[in-house]
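Below is one structure, written out as structure tokens; the observations come after it.
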Amino acid sequence: MNFLRNIASNVMRAGMNQESSDAGEGGLSGSEVDDAELVRLAQSGDYAAFDALVTRHRGKVYAMIMNMIKNDADAWDLAQDSFIKAWKALPRFENRSKFSTWLFRISHNVVYDWMRKKKIRSEGELDDELLGANQIDMSASTAPKQSLRPDQAMEGNELRREIEGALNKLSPEHKETIVLREVQGMDYKEIAEVMGCSLGTVMSRLFYARKKLQQILKP
Amino acid sequence: MNRPNDNTLERWLEGELEGEELLEVDAWAESHAGDLDEEFKCEIGWSALDDDFLASLPDTEEPPYPDFFNSKIQQAISEGVVQEDVGGESGSSLWRNLRLVILPAAVAAMVAFYAGTKMQGVDEGVDEGVDDAVASVENSVYVPHSGIVADVSESVDATEIVLSGLAPISDNLDIAAGETSPGDSPMMANTQAEITPLTIF
């Protein structure tokens, strides 16, 4: 009970102190404080520490979800839910895995719950959003940020469209495995942890996902 | 354990191994996952695609309105609102798409409105003139019956209208039935006789 009260008061206080905390020398958003320390502080009810974790990981979580569902607004909502659930589950986090892996595991569950519910709602109908093939927007914010020459940009967009189109032809499990490995650079064991499956399943999904992508992308 | 033969590895990939055999191959694969993956990649000629993947899909991307993103999380947590129904019936996708634009616009509009109310004092002279012009317009009451005079008097918090020349209201008048004079109710009127048949030539 005291723990909850402590969290509540810190949440309220953090709202007022956040700016000074981040701006000050002892700010928590800097990379000098590692995740484990921020997690420890957050677990003791320090919301500013959790906010620093959000700031640090929101880009990866959002990008991962965007790569899965290709919709800015839904990705924004689901990333929000992931962090809110992470805060709720934080007292149970035991540092046995990296915080980022644990957070990806939560995001994975959030995305699959959302996809399952979306599928149930659209049962019997052809759901273009789930198929995803027609969802690819060349002007979507996932476009590479750096300025390129027009011809380079066009070439890059073309390649990206091809790869995203190919990814969307994979099952969600195959797509997620390949994105976690090739884009997020996770090791096989981390992927197994995030997806809640065995190492063999990860290797198998990677093998078949690559094989199918290779067939689709082959000129 | 030595490297499993190709047939065993294939069955492992297919999820066909069980029991002791599965545990052995899992244990071997855990320490050789990288090599095994490279082997699989070579088998399908994958390595050429690696760079393309890394270049085309971002591994990190800031969500739109990142500060707002953080503050919404804080708000949800401080209000104790943790949605169990993740992304469930949360409205149409059109609304959700618009929301990213509408929410900041609403905040901006509120700020602009607040600033506007604060700036009103600067232009008070202009506004006072308008108020005077409005106040100088006299109230007038339209009375459809001749011989009846409407007298309007205004105070700070009330406007009083006195009609002079009206006949006293009879106690027999059934206002609820819509009577305008005793026994004359539109609800009881026989309009059938007044209807003139329409003749078409």
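Ordering of the structure tokens sets the chain letters (A, B, ...), residue numbers begin anew at 1 in every chain, and ligands are numbered from 1 in the order given.
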
Hey, list the chain A side of the contact with chain B: 7 Å cut-off, only C-alpha atoms, answer as number ranges by chain.
-> A: 8, 11-12, 51, 54, 58-60, 62-63, 73, 76, 78, 80-81, 84, 110, 114, 117, 142, 160, 182-184, 199-201, 203-204, 207, 210-211, 214

Excluding range 97-108 of chain A and any residue of its chain fewer than 2 positions from it, enumerate the residues within 6 Å of it, using only C-alpha atoms, and give them as a PDB file with all heavy atoms, in the first residue's frame.
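around12.pdb, written as the output of this step:
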ATOM      1  N   SER A  82       2.038  -0.188 -24.441  1.00  0.00           N
ATOM      2  CA  SER A  82       3.190  -1.000 -24.030  1.00  0.00           C
ATOM      3  C   SER A  82       3.869  -0.391 -22.808  1.00  0.00           C
ATOM      4  O   SER A  82       4.188  -1.094 -21.846  1.00  0.00           O
ATOM      5  CB  SER A  82       4.207  -1.100 -25.179  1.00  0.00           C
ATOM      6  OG  SER A  82       3.612  -1.663 -26.311  1.00  0.00           O
ATOM      7  N   ASN A  95      15.028  -8.230 -13.519  1.00  0.00           N
ATOM      8  CA  ASN A  95      16.351  -7.999 -14.121  1.00  0.00           C
ATOM      9  C   ASN A  95      17.026  -9.269 -14.607  1.00  0.00           C
ATOM     10  O   ASN A  95      18.254  -9.303 -14.735  1.00  0.00           O
ATOM     11  CB  ASN A  95      17.278  -7.284 -13.125  1.00  0.00           C
ATOM     12  CG  ASN A  95      17.060  -5.787 -13.162  1.00  0.00           C
ATOM     13  OD1 ASN A  95      17.153  -5.165 -14.215  1.00  0.00           O
ATOM     14  ND2 ASN A  95      16.751  -5.213 -12.020  1.00  0.00           N
ATOM     15  N   VAL A 110       1.173  -6.880 -26.718  1.00  0.00           N
ATOM     16  CA  VAL A 110       0.201  -5.806 -27.019  1.00  0.00           C
ATOM     17  C   VAL A 110      -0.194  -5.853 -28.508  1.00  0.00           C
ATOM     18  O   VAL A 110      -1.363  -5.792 -28.848  1.00  0.00           O
ATOM     19  CB  VAL A 110       0.800  -4.426 -26.646  1.00  0.00           C
ATOM     20  CG1 VAL A 110       0.004  -3.290 -27.263  1.00  0.00           C
ATOM     21  CG2 VAL A 110       0.850  -4.265 -25.129  1.00  0.00           C
ATOM     22  N   VAL A 111       0.813  -6.002 -29.374  1.00  0.00           N
ATOM     23  CA  VAL A 111       0.542  -6.024 -30.816  1.00  0.00           C
ATOM     24  C   VAL A 111      -0.273  -7.265 -31.199  1.00  0.00           C
ATOM     25  O   VAL A 111      -1.236  -7.177 -31.971  1.00  0.00           O
ATOM     26  CB  VAL A 111       1.864  -5.966 -31.625  1.00  0.00           C
ATOM     27  CG1 VAL A 111       1.616  -6.243 -33.103  1.00  0.00           C
ATOM     28  CG2 VAL A 111       2.513  -4.610 -31.456  1.00  0.00           C
ATOM     29  N   VAL A 194      11.458 -12.663 -26.459  1.00  0.00           N
ATOM     30  CA  VAL A 194      10.430 -11.687 -26.838  1.00  0.00           C
ATOM     31  C   VAL A 194       9.189 -12.396 -27.373  1.00  0.00           C
ATOM     32  O   VAL A 194       8.059 -12.055 -27.027  1.00  0.00           O
ATOM     33  CB  VAL A 194      10.975 -10.703 -27.908  1.00  0.00           C
ATOM     34  CG1 VAL A 194       9.851  -9.900 -28.537  1.00  0.00           C
ATOM     35  CG2 VAL A 194      12.006  -9.771 -27.289  1.00  0.00           C
TER      36      VAL A 194
END

Using only C-alpha atoms, which protein or nucleic acid residues come within 10 Å of Val202 in chain A? Drop anything in the same chain fewer than 6 positions from it, and give the result as a PDB file with all heavy atoms, in the first residue's frame.
ATOM      1  N   GLU A 173       4.245 -13.866 -37.467  1.00  0.00           N
ATOM      2  CA  GLU A 173       5.352 -14.480 -36.705  1.00  0.00           C
ATOM      3  C   GLU A 173       6.661 -14.422 -37.494  1.00  0.00           C
ATOM      4  O   GLU A 173       7.712 -14.078 -36.945  1.00  0.00           O
ATOM      5  CB  GLU A 173       5.036 -15.945 -36.356  1.00  0.00           C
ATOM      6  CG  GLU A 173       3.943 -16.132 -35.339  1.00  0.00           C
ATOM      7  CD  GLU A 173       2.552 -16.041 -35.947  1.00  0.00           C
ATOM      8  OE1 GLU A 173       2.456 -15.991 -37.200  1.00  0.00           O
ATOM      9  OE2 GLU A 173       1.572 -16.003 -35.186  1.00  0.00           O
ATOM     10  N   HIS A 174       6.581 -14.742 -38.773  1.00  0.00           N
ATOM     11  CA  HIS A 174       7.790 -14.694 -39.607  1.00  0.00           C
ATOM     12  C   HIS A 174       8.273 -13.257 -39.767  1.00  0.00           C
ATOM     13  O   HIS A 174       9.471 -12.980 -39.717  1.00  0.00           O
ATOM     14  CB  HIS A 174       7.511 -15.327 -40.977  1.00  0.00           C
ATOM     15  CG  HIS A 174       7.483 -16.824 -40.934  1.00  0.00           C
ATOM     16  ND1 HIS A 174       7.198 -17.607 -42.022  1.00  0.00           N
ATOM     17  CD2 HIS A 174       7.702 -17.695 -39.920  1.00  0.00           C
ATOM     18  CE1 HIS A 174       7.247 -18.894 -41.691  1.00  0.00           C
ATOM     19  NE2 HIS A 174       7.549 -18.959 -40.405  1.00  0.00           N
ATOM     20  N   THR A 177       9.923 -12.064 -36.520  1.00  0.00           N
ATOM     21  CA  THR A 177      11.234 -12.697 -36.299  1.00  0.00           C
ATOM     22  C   THR A 177      12.302 -12.036 -37.159  1.00  0.00           C
ATOM     23  O   THR A 177      13.389 -11.702 -36.681  1.00  0.00           O
ATOM     24  CB  THR A 177      11.169 -14.208 -36.643  1.00  0.00           C
ATOM     25  OG1 THR A 177      10.008 -14.763 -36.051  1.00  0.00           O
ATOM     26  CG2 THR A 177      12.386 -14.938 -36.121  1.00  0.00           C
ATOM     27  N   ILE A 178      11.953 -11.818 -38.415  1.00  0.00           N
ATOM     28  CA  ILE A 178      12.961 -11.256 -39.330  1.00  0.00           C
ATOM     29  C   ILE A 178      13.255  -9.793 -38.969  1.00  0.00           C
ATOM     30  O   ILE A 178      14.402  -9.345 -39.045  1.00  0.00           O
ATOM     31  CB  ILE A 178      12.514 -11.412 -40.805  1.00  0.00           C
ATOM     32  CG1 ILE A 178      13.718 -11.429 -41.745  1.00  0.00           C
ATOM     33  CG2 ILE A 178      11.575 -10.338 -41.263  1.00  0.00           C
ATOM     34  CD1 ILE A 178      14.229 -12.793 -42.017  1.00  0.00           C
ATOM     35  N   ARG A 181      15.454  -9.665 -35.881  1.00  0.00           N
ATOM     36  CA  ARG A 181      16.818 -10.091 -36.165  1.00  0.00           C
ATOM     37  C   ARG A 181      17.545  -9.103 -37.082  1.00  0.00           C
ATOM     38  O   ARG A 181      18.621  -8.617 -36.767  1.00  0.00           O
ATOM     39  CB  ARG A 181      16.782 -11.495 -36.807  1.00  0.00           C
ATOM     40  CG  ARG A 181      18.126 -12.025 -37.232  1.00  0.00           C
ATOM     41  CD  ARG A 181      19.012 -12.325 -36.051  1.00  0.00           C
ATOM     42  NE  ARG A 181      20.414 -12.506 -36.455  1.00  0.00           N
ATOM     43  CZ  ARG A 181      21.438 -12.262 -35.667  1.00  0.00           C
ATOM     44  NH1 ARG A 181      21.253 -11.834 -34.439  1.00  0.00           N
ATOM     45  NH2 ARG A 181      22.679 -12.455 -36.091  1.00  0.00           N
ATOM     46  N   TYR A 188      19.503 -14.461 -31.088  1.00  0.00           N
ATOM     47  CA  TYR A 188      18.451 -15.481 -31.236  1.00  0.00           C
ATOM     48  C   TYR A 188      17.726 -15.766 -29.919  1.00  0.00           C
ATOM     49  O   TYR A 188      16.519 -15.970 -29.904  1.00  0.00           O
ATOM     50  CB  TYR A 188      19.070 -16.768 -31.802  1.00  0.00           C
ATOM     51  CG  TYR A 188      19.914 -16.494 -33.026  1.00  0.00           C
ATOM     52  CD1 TYR A 188      21.290 -16.358 -32.944  1.00  0.00           C
ATOM     53  CD2 TYR A 188      19.313 -16.340 -34.271  1.00  0.00           C
ATOM     54  CE1 TYR A 188      22.052 -16.069 -34.062  1.00  0.00           C
ATOM     55  CE2 TYR A 188      20.065 -16.050 -35.406  1.00  0.00           C
ATOM     56  CZ  TYR A 188      21.444 -15.912 -35.282  1.00  0.00           C
ATOM     57  OH  TYR A 188      22.198 -15.618 -36.399  1.00  0.00           O
ATOM     58  N   LYS A 189      18.478 -15.754 -28.851  1.00  0.00           N
ATOM     59  CA  LYS A 189      17.877 -16.062 -27.554  1.00  0.00           C
ATOM     60  C   LYS A 189      16.921 -14.940 -27.121  1.00  0.00           C
ATOM     61  O   LYS A 189      15.862 -15.188 -26.550  1.00  0.00           O
ATOM     62  CB  LYS A 189      18.978 -16.249 -26.513  1.00  0.00           C
ATOM     63  CG  LYS A 189      18.537 -17.154 -25.412  1.00  0.00           C
ATOM     64  CD  LYS A 189      19.681 -17.735 -24.624  1.00  0.00           C
ATOM     65  CE  LYS A 189      19.079 -18.610 -23.527  1.00  0.00           C
ATOM     66  NZ  LYS A 189      19.924 -18.729 -22.382  1.00  0.00           N
ATOM     67  N   GLU A 190      17.347 -13.704 -27.406  1.00  0.00           N
ATOM     68  CA  GLU A 190      16.473 -12.560 -27.087  1.00  0.00           C
ATOM     69  C   GLU A 190      15.170 -12.641 -27.879  1.00  0.00           C
ATOM     70  O   GLU A 190      14.092 -12.384 -27.345  1.00  0.00           O
ATOM     71  CB  GLU A 190      17.187 -11.245 -27.427  1.00  0.00           C
ATOM     72  CG  GLU A 190      18.134 -10.753 -26.362  1.00  0.00           C
ATOM     73  CD  GLU A 190      18.771  -9.426 -26.775  1.00  0.00           C
ATOM     74  OE1 GLU A 190      19.237  -9.314 -27.927  1.00  0.00           O
ATOM     75  OE2 GLU A 190      18.798  -8.517 -25.941  1.00  0.00           O
ATOM     76  N   ILE A 191      15.298 -13.009 -29.151  1.00  0.00           N
ATOM     77  CA  ILE A 191      14.096 -13.124 -29.988  1.00  0.00           C
ATOM     78  C   ILE A 191      13.164 -14.194 -29.406  1.00  0.00           C
ATOM     79  O   ILE A 191      11.950 -13.995 -29.325  1.00  0.00           O
ATOM     80  CB  ILE A 191      14.472 -13.472 -31.451  1.00  0.00           C
ATOM     81  CG1 ILE A 191      15.309 -12.349 -32.061  1.00  0.00           C
ATOM     82  CG2 ILE A 191      13.217 -13.701 -32.302  1.00  0.00           C
ATOM     83  CD1 ILE A 191      15.913 -12.678 -33.419  1.00  0.00           C
ATOM     84  N   ALA A 192      13.759 -15.309 -28.987  1.00  0.00           N
ATOM     85  CA  ALA A 192      12.951 -16.379 -28.389  1.00  0.00           C
ATOM     86  C   ALA A 192      12.229 -15.866 -27.146  1.00  0.00           C
ATOM     87  O   ALA A 192      11.058 -16.184 -26.898  1.00  0.00           O
ATOM     88  CB  ALA A 192      13.850 -17.560 -28.039  1.00  0.00           C
ATOM     89  N   GLU A 193      12.934 -15.042 -26.380  1.00  0.00           N
ATOM     90  CA  GLU A 193      12.356 -14.496 -25.148  1.00  0.00           C
ATOM     91  C   GLU A 193      11.202 -13.533 -25.479  1.00  0.00           C
ATOM     92  O   GLU A 193      10.145 -13.594 -24.859  1.00  0.00           O
ATOM     93  CB  GLU A 193      13.447 -13.745 -24.397  1.00  0.00           C
ATOM     94  CG  GLU A 193      13.336 -13.834 -22.887  1.00  0.00           C
ATOM     95  CD  GLU A 193      14.553 -13.232 -22.226  1.00  0.00           C
ATOM     96  OE1 GLU A 193      15.677 -13.700 -22.491  1.00  0.00           O
ATOM     97  OE2 GLU A 193      14.367 -12.283 -21.466  1.00  0.00           O
ATOM     98  N   MET A 195       9.402 -13.405 -28.202  1.00  0.00           N
ATOM     99  CA  MET A 195       8.271 -14.052 -28.869  1.00  0.00           C
ATOM    100  C   MET A 195       7.700 -15.222 -28.074  1.00  0.00           C
ATOM    101  O   MET A 195       6.694 -15.815 -28.473  1.00  0.00           O
ATOM    102  CB  MET A 195       8.679 -14.511 -30.266  1.00  0.00           C
ATOM    103  CG  MET A 195       9.109 -13.346 -31.155  1.00  0.00           C
ATOM    104  SD  MET A 195       9.357 -13.802 -32.863  1.00  0.00           S
ATOM    105  CE  MET A 195       7.681 -13.992 -33.423  1.00  0.00           C
ATOM    106  N   GLY A 196       8.335 -15.535 -26.967  1.00  0.00           N
ATOM    107  CA  GLY A 196       7.816 -16.608 -26.113  1.00  0.00           C
ATOM    108  C   GLY A 196       7.835 -17.961 -26.810  1.00  0.00           C
ATOM    109  O   GLY A 196       6.868 -18.715 -26.746  1.00  0.00           O
TER     110      GLY A 196
ATOM    111  N   LEU B  13      14.041 -28.083 -37.319  1.00  0.00           N
ATOM    112  CA  LEU B  13      13.430 -26.872 -37.882  1.00  0.00           C
ATOM    113  C   LEU B  13      11.924 -27.046 -38.086  1.00  0.00           C
ATOM    114  O   LEU B  13      11.154 -26.105 -37.953  1.00  0.00           O
ATOM    115  CB  LEU B  13      14.082 -26.521 -39.225  1.00  0.00           C
ATOM    116  CG  LEU B  13      15.449 -25.857 -39.182  1.00  0.00           C
ATOM    117  CD1 LEU B  13      15.953 -25.608 -40.596  1.00  0.00           C
ATOM    118  CD2 LEU B  13      15.394 -24.530 -38.423  1.00  0.00           C
TER     119      LEU B  13
END

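For the atom pair formed by CA of Asp34 in chain A and CA of His57 in chain A, the distance is 12.2 Å, given to one decimal.
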
Interatomic distance between CA of Lys175 in chain A and CA of Glu39 in chain B?
->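 Separation between CA of Lys175 in chain A and CA of Glu39 in chain B: 20.4 Å.
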
Best match for closeness to Asn67 in chain A among A:Glu176, A:Asp46, A:Asp35, A:Glu162, counting only C-alpha atoms | A:Glu176

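Relative to CA of Phe68 in chain B, CA of Leu38 in chain A is found at 21.1 Å.
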